[in-house]
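S.K.: Pasting a structure here, questions to come.
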Amino acid sequence: MTRIRSLRRLSLMLLAATFTCLAGRESNTRAAELEAAWWMTPRRMIQTNLREIDARMDLDAYVAALADCQANVVLFNVGGIVANYPTDLPFHYRNPHMQGDLTAEVVRRLHAQDVRVIARFDFSKVNESIAAQHPEWLSRDSHGNAYPPYNGQQPTCLNGGYQQECLFAILAEALERYPLDGIFFNMIGYPRQDYSGRDLGICQCDGCKTRFRQIMHYPHRHASVSPHLTRRRLLQQMFNGAWLDFYCIGPFHAQEDRLGLDQVRDIYRFHAAHEQWLADTIELADVGLVVDFARGGEEYGGWLKILGESHLSFDLVSLAGPDLSHYPALIVPLAGQLNDAAARRLDDYVRSGGRVLVTGGIPAGLPAAGVLRTGDVIPRKKGTYVRIRPEDKTQLAASVLEKLDLVFLDGELATCQVKQDVQGLLRFIPPAMFGPPEKCYYTEVSDTPCLYVRRAGQRGAVAWFPWQIAAHYDRQGHAGHKALAVAALDKLLGLPRRVRFKASPLIEINHRGGRSGGFEWISLVNHSGLLGHVLHEPLPIRDVEIHVTPQAPVRAARLLRAGTAIPLTQKSNGDVTCVVPQLDTYEVVLLQQ
């Protein structure tokens, strides 16, 4: 009932404001129109984000200072975390340093000077004394514990009673008492970190759980998504050996949104026509991307982009899963989170000839990495870089690096002491002056490596980026980070790619083969046509050159979608090369053995 009454009062106030605007417009005077919509013209605003102790400030000096700079709008703290007026609401924390009615006095004085007042409210937190009385309002972690207090304040959830009910009562009280010219809401949302940058996670209070069950699902039953998005999803299912699945409500033939049905029919018919090649296959990926510790994070997302754009065939794997020996290489993002069992399994994999690329923290418990002891973690700071030395460029041998002498470092860097047979590449450039531009130069390149590599046995090797290099690519998409990551795989670890492309990075590939042998195929999906967040028909990509090291000798190559044979060039070592003349939306290159 509190919320209903508050909403009713807010509605009446907004209705009155609307009538005022309409009356101003019907006065046929430009002045009245501008007055009714004063915010539509540029203003000079000063935000005074007050501390509690500022409640006893010298108001004469405050108003004079605003007048001196000719400010005509002030954003002023009225309520939320601290009420700067004598609130009557028990859940609104009154400023203990205030005497009288600070908001009333400020509004009166500023309006006398023709200065508009926008009231600032922050409902993201409540004082601990109020939180103790209403624990149901608080944001909570996955274990049901309230987020820890910070300087006497506890975070409240957007879906809890305080922000869903009390907020409106506080606004109604303030709007009824004071002739405010506007409202500003600070910190509305779902904060994931506190002021110290500590991760809080996703709120899982009862309010969030309830609203998630009620409203966070697909809101439209009879209208579909972009037909090109439907096609992309079905292609990814088909080319990863999964079921094809399409959902609709009502009979398939009676859909009122039929834009995507042609794509559904096309892919289903293609799968049916070529079921002998598509239905019983195994992954032939060159890289296993370990998802145990990194699912959903920036480092994981960055590797998805790097591998996909570099045409590296990969599979998602778990270190707790079945045999990993058939993967030529494994990538382990956020390796600092490895537990003992996972580290032992990785160590066995390396010593039996596997190649491992790890990123992030110290790979503790992984003897093959050659780490003797951990050192300090260099914190994230502005103006830090990774130097790419001439000897690094020679060893990494990536053409992009010819034009790069450094890449930026926007995160933590782990340090350690390593065995003598561990090679350190790249170098850390400590924080330099960040501004002004005339002073932006660095004077030191440290001896701290930013990439390590160690051989183990005849073929096994471990390469380690002691920073989250893929997260950098996920955020900024800089070519240098991708080039370093791919070169570590290709050059330092000697990854024997079984599929190699000369084609646009907009092509997504998969490499699979028959479970009993006899054939393998490479799928190609054209990801052009994306503009902003809208998918359009892909543009044709011509002359896609593919080089394959097959599992068995190849006798013929065929394009399944085009239904045509294509010429093969074979080398004495069994490698084959073919060219797809034109890739429209998707294609499958079948290699029969």
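Letters A, B, ... go to the chains of the structure tokens in the order shown; residues in each chain start at 1; ligands are counted from 1 in the same order.
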Near Asp376 of chain A, within 9 Å and counting only C-alpha atoms, which residues show up once chain neighbours fewer than 6 positions away are dropped, as number ranges by chain?

M.R.: A: 413-416

S.K.: Listing only residues of segment 340-443 of chain A within 9 Å of segment 486-510 of chain A, what is the closest atom pair and its distance in Å (to one decimal) for each, using only C-alpha atoms, sorted by chain and residue number ascending, as a tab-separated table?

M.R.:
residue	atom	partner	partner_atom	distance
A:Arg355	CA	A:Leu493	CA	6.1
A:Val356	CA	A:Leu493	CA	7.7
A:Leu357	CA	A:Leu489	CA	7.2
A:Gln395	CA	A:Lys491	CA	7.2
A:Leu396	CA	A:Ala487	CA	5.4
A:Ala397	CA	A:Ala487	CA	7.1
A:Ala398	CA	A:Ala487	CA	6.4

S.K.: Output the selection as a short mmCIF file (atom, residue, chain, number, x, y, z; two decimals), in the first residue's frame - N, CA and C atoms for each residue.

M.R.:
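Generated output (part_33.cif):
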data_model
loop_
_atom_site.label_atom_id
_atom_site.label_comp_id
_atom_site.auth_asym_id
_atom_site.auth_seq_id
_atom_site.Cartn_x
_atom_site.Cartn_y
_atom_site.Cartn_z
N ARG A 355 51.25 -29.64 -25.63
CA ARG A 355 51.64 -28.24 -25.58
C ARG A 355 50.56 -27.48 -24.80
N VAL A 356 50.98 -26.63 -23.86
CA VAL A 356 50.04 -25.91 -23.02
C VAL A 356 50.38 -24.42 -23.05
N LEU A 357 49.36 -23.61 -23.27
CA LEU A 357 49.49 -22.15 -23.17
C LEU A 357 48.59 -21.70 -22.02
N GLN A 395 61.88 -14.35 -32.82
CA GLN A 395 61.42 -15.65 -32.35
C GLN A 395 59.93 -15.85 -32.58
N LEU A 396 59.15 -14.80 -32.45
CA LEU A 396 57.70 -14.92 -32.62
C LEU A 396 57.29 -14.89 -34.08
N ALA A 397 58.06 -14.21 -34.92
CA ALA A 397 57.90 -14.26 -36.38
C ALA A 397 56.48 -14.02 -36.85
N ALA A 398 55.86 -12.94 -36.37
CA ALA A 398 54.53 -12.55 -36.83
C ALA A 398 54.66 -11.24 -37.59
#

S.K.: Find the residue from A:Ala169, A:Leu591, A:Ile429, A:Ala71 that sits nearest to Thr443 of chain A; use only C-alpha atoms when measuring.

M.R.: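 Closest residue, counting only C-alpha atoms: A:Ile429.
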
S.K.: Enumerate, as a PyMOL selection string, the complete set of residues in segment 439-549 of chain A that a backbone-based DSSP assignment places in strand (DSSP E).

M.R.: chain A and resi 449-456+460-465+499-502+507-514+519-526+530-531+534-535+541-548

S.K.: Please report, as a tab-separated table, each residue of segment 217-307 of chain A lying at most 6 Å from segment 459-480 of chain A, together with the nearest pair of atoms and the separation in Å rounded to one decimal; use only C-alpha atoms, and order rows by chain and ascending residue number.

M.R.:
residue	atom	partner	partner_atom	distance
A:Glu298	CA	A:Ala471	CA	4.7
A:Glu299	CA	A:Ala471	CA	4.1
A:Gly302	CA	A:Asp474	CA	4.2
A:Trp303	CA	A:Ala470	CA	5.6

S.K.: Go ahead and save the picked residues with all heavy atoms, as a tab-separated table (two decimals), in the first residue's frame.

M.R.:
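Result written to result.tsv:
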chain	number	residue	atom	x	y	z
A	298	GLU	N	36.13	-12.27	-19.46
A	298	GLU	CA	36.75	-11.58	-20.59
A	298	GLU	C	37.90	-12.38	-21.19
A	298	GLU	O	38.08	-12.38	-22.41
A	298	GLU	CB	37.26	-10.22	-20.14
A	298	GLU	CG	36.18	-9.18	-19.89
A	298	GLU	CD	36.75	-7.83	-19.53
A	298	GLU	OE1	37.85	-7.79	-18.93
A	298	GLU	OE2	36.13	-6.81	-19.86
A	299	GLU	N	38.68	-13.05	-20.36
A	299	GLU	CA	39.80	-13.84	-20.88
A	299	GLU	C	39.29	-14.99	-21.74
A	299	GLU	O	39.84	-15.27	-22.81
A	299	GLU	CB	40.65	-14.35	-19.72
A	299	GLU	CG	41.92	-15.09	-20.14
A	299	GLU	CD	42.97	-14.17	-20.75
A	299	GLU	OE1	42.78	-12.93	-20.76
A	299	GLU	OE2	43.99	-14.70	-21.23
A	302	GLY	N	37.83	-13.48	-24.94
A	302	GLY	CA	38.89	-13.05	-25.84
A	302	GLY	C	39.49	-14.19	-26.62
A	302	GLY	O	39.81	-14.07	-27.81
A	303	TRP	N	39.65	-15.35	-25.96
A	303	TRP	CA	40.19	-16.52	-26.68
A	303	TRP	C	39.22	-17.02	-27.74
A	303	TRP	O	39.65	-17.48	-28.81
A	303	TRP	CB	40.55	-17.63	-25.70
A	303	TRP	CG	41.89	-17.44	-25.07
A	303	TRP	CD1	42.18	-17.18	-23.77
A	303	TRP	CD2	43.15	-17.46	-25.76
A	303	TRP	NE1	43.54	-17.04	-23.59
A	303	TRP	CE2	44.17	-17.22	-24.79
A	303	TRP	CE3	43.53	-17.67	-27.09
A	303	TRP	CZ2	45.52	-17.17	-25.13
A	303	TRP	CZ3	44.89	-17.63	-27.42
A	303	TRP	CH2	45.86	-17.38	-26.45

S.K.: Please identify all polymer residues within 7 Å of Gly574 of chain A, counting only C-alpha atoms, omitting same-chain residues fewer than 2 positions from it, and present them as a ChimeraX atom specification.

M.R.: /A:549,553,570-572,576

S.K.: With all heavy atoms retained, export the selected residues as a PDB file, in the first residue's frame.

M.R.:
ATOM      1  N   THR A 549      46.163 -30.953 -43.450  1.00  0.00           N
ATOM      2  CA  THR A 549      46.950 -32.160 -43.202  1.00  0.00           C
ATOM      3  C   THR A 549      45.965 -33.238 -42.747  1.00  0.00           C
ATOM      4  O   THR A 549      45.574 -33.286 -41.575  1.00  0.00           O
ATOM      5  CB  THR A 549      48.007 -31.919 -42.115  1.00  0.00           C
ATOM      6  OG1 THR A 549      48.885 -30.871 -42.525  1.00  0.00           O
ATOM      7  CG2 THR A 549      48.812 -33.189 -41.847  1.00  0.00           C
ATOM      8  N   PRO A 553      45.120 -40.427 -46.571  1.00  0.00           N
ATOM      9  CA  PRO A 553      45.201 -39.886 -47.928  1.00  0.00           C
ATOM     10  C   PRO A 553      43.824 -39.539 -48.493  1.00  0.00           C
ATOM     11  O   PRO A 553      42.850 -40.268 -48.280  1.00  0.00           O
ATOM     12  CB  PRO A 553      45.850 -41.022 -48.722  1.00  0.00           C
ATOM     13  CG  PRO A 553      46.638 -41.788 -47.714  1.00  0.00           C
ATOM     14  CD  PRO A 553      45.838 -41.707 -46.442  1.00  0.00           C
ATOM     15  N   GLN A 570      47.912 -31.990 -54.192  1.00  0.00           N
ATOM     16  CA  GLN A 570      48.455 -32.842 -53.143  1.00  0.00           C
ATOM     17  C   GLN A 570      49.976 -32.767 -53.132  1.00  0.00           C
ATOM     18  O   GLN A 570      50.622 -32.705 -54.166  1.00  0.00           O
ATOM     19  CB  GLN A 570      48.019 -34.299 -53.365  1.00  0.00           C
ATOM     20  CG  GLN A 570      46.506 -34.468 -53.370  1.00  0.00           C
ATOM     21  CD  GLN A 570      46.094 -35.874 -52.991  1.00  0.00           C
ATOM     22  OE1 GLN A 570      46.769 -36.530 -52.201  1.00  0.00           O
ATOM     23  NE2 GLN A 570      44.986 -36.340 -53.519  1.00  0.00           N
ATOM     24  N   LYS A 571      50.518 -32.771 -51.904  1.00  0.00           N
ATOM     25  CA  LYS A 571      51.960 -32.786 -51.724  1.00  0.00           C
ATOM     26  C   LYS A 571      52.415 -34.202 -51.404  1.00  0.00           C
ATOM     27  O   LYS A 571      51.616 -35.074 -51.049  1.00  0.00           O
ATOM     28  CB  LYS A 571      52.371 -31.839 -50.598  1.00  0.00           C
ATOM     29  CG  LYS A 571      52.116 -30.372 -50.907  1.00  0.00           C
ATOM     30  CD  LYS A 571      52.635 -29.495 -49.783  1.00  0.00           C
ATOM     31  CE  LYS A 571      52.427 -28.014 -50.093  1.00  0.00           C
ATOM     32  NZ  LYS A 571      52.938 -27.140 -48.999  1.00  0.00           N
ATOM     33  N   SER A 572      53.716 -34.406 -51.480  1.00  0.00           N
ATOM     34  CA  SER A 572      54.251 -35.741 -51.238  1.00  0.00           C
ATOM     35  C   SER A 572      54.052 -36.196 -49.792  1.00  0.00           C
ATOM     36  O   SER A 572      53.986 -37.398 -49.522  1.00  0.00           O
ATOM     37  CB  SER A 572      55.752 -35.769 -51.579  1.00  0.00           C
ATOM     38  OG  SER A 572      56.444 -34.788 -50.810  1.00  0.00           O
ATOM     39  N   VAL A 576      47.016 -31.494 -48.526  1.00  0.00           N
ATOM     40  CA  VAL A 576      46.217 -31.139 -49.695  1.00  0.00           C
ATOM     41  C   VAL A 576      45.819 -29.676 -49.618  1.00  0.00           C
ATOM     42  O   VAL A 576      45.701 -29.093 -48.534  1.00  0.00           O
ATOM     43  CB  VAL A 576      44.948 -32.014 -49.814  1.00  0.00           C
ATOM     44  CG1 VAL A 576      45.309 -33.472 -49.992  1.00  0.00           C
ATOM     45  CG2 VAL A 576      44.052 -31.834 -48.599  1.00  0.00           C
TER      46      VAL A 576
END

S.K.: Just checking: using only C-alpha atoms, which residue out of A:Lys393, A:Lys439, A:Arg345, A:Arg555 ends up closest to Leu426 of chain A?

M.R.: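 Once distances to Leu426 of chain A are computed over only C-alpha atoms, the minimum belongs to A:Lys393.
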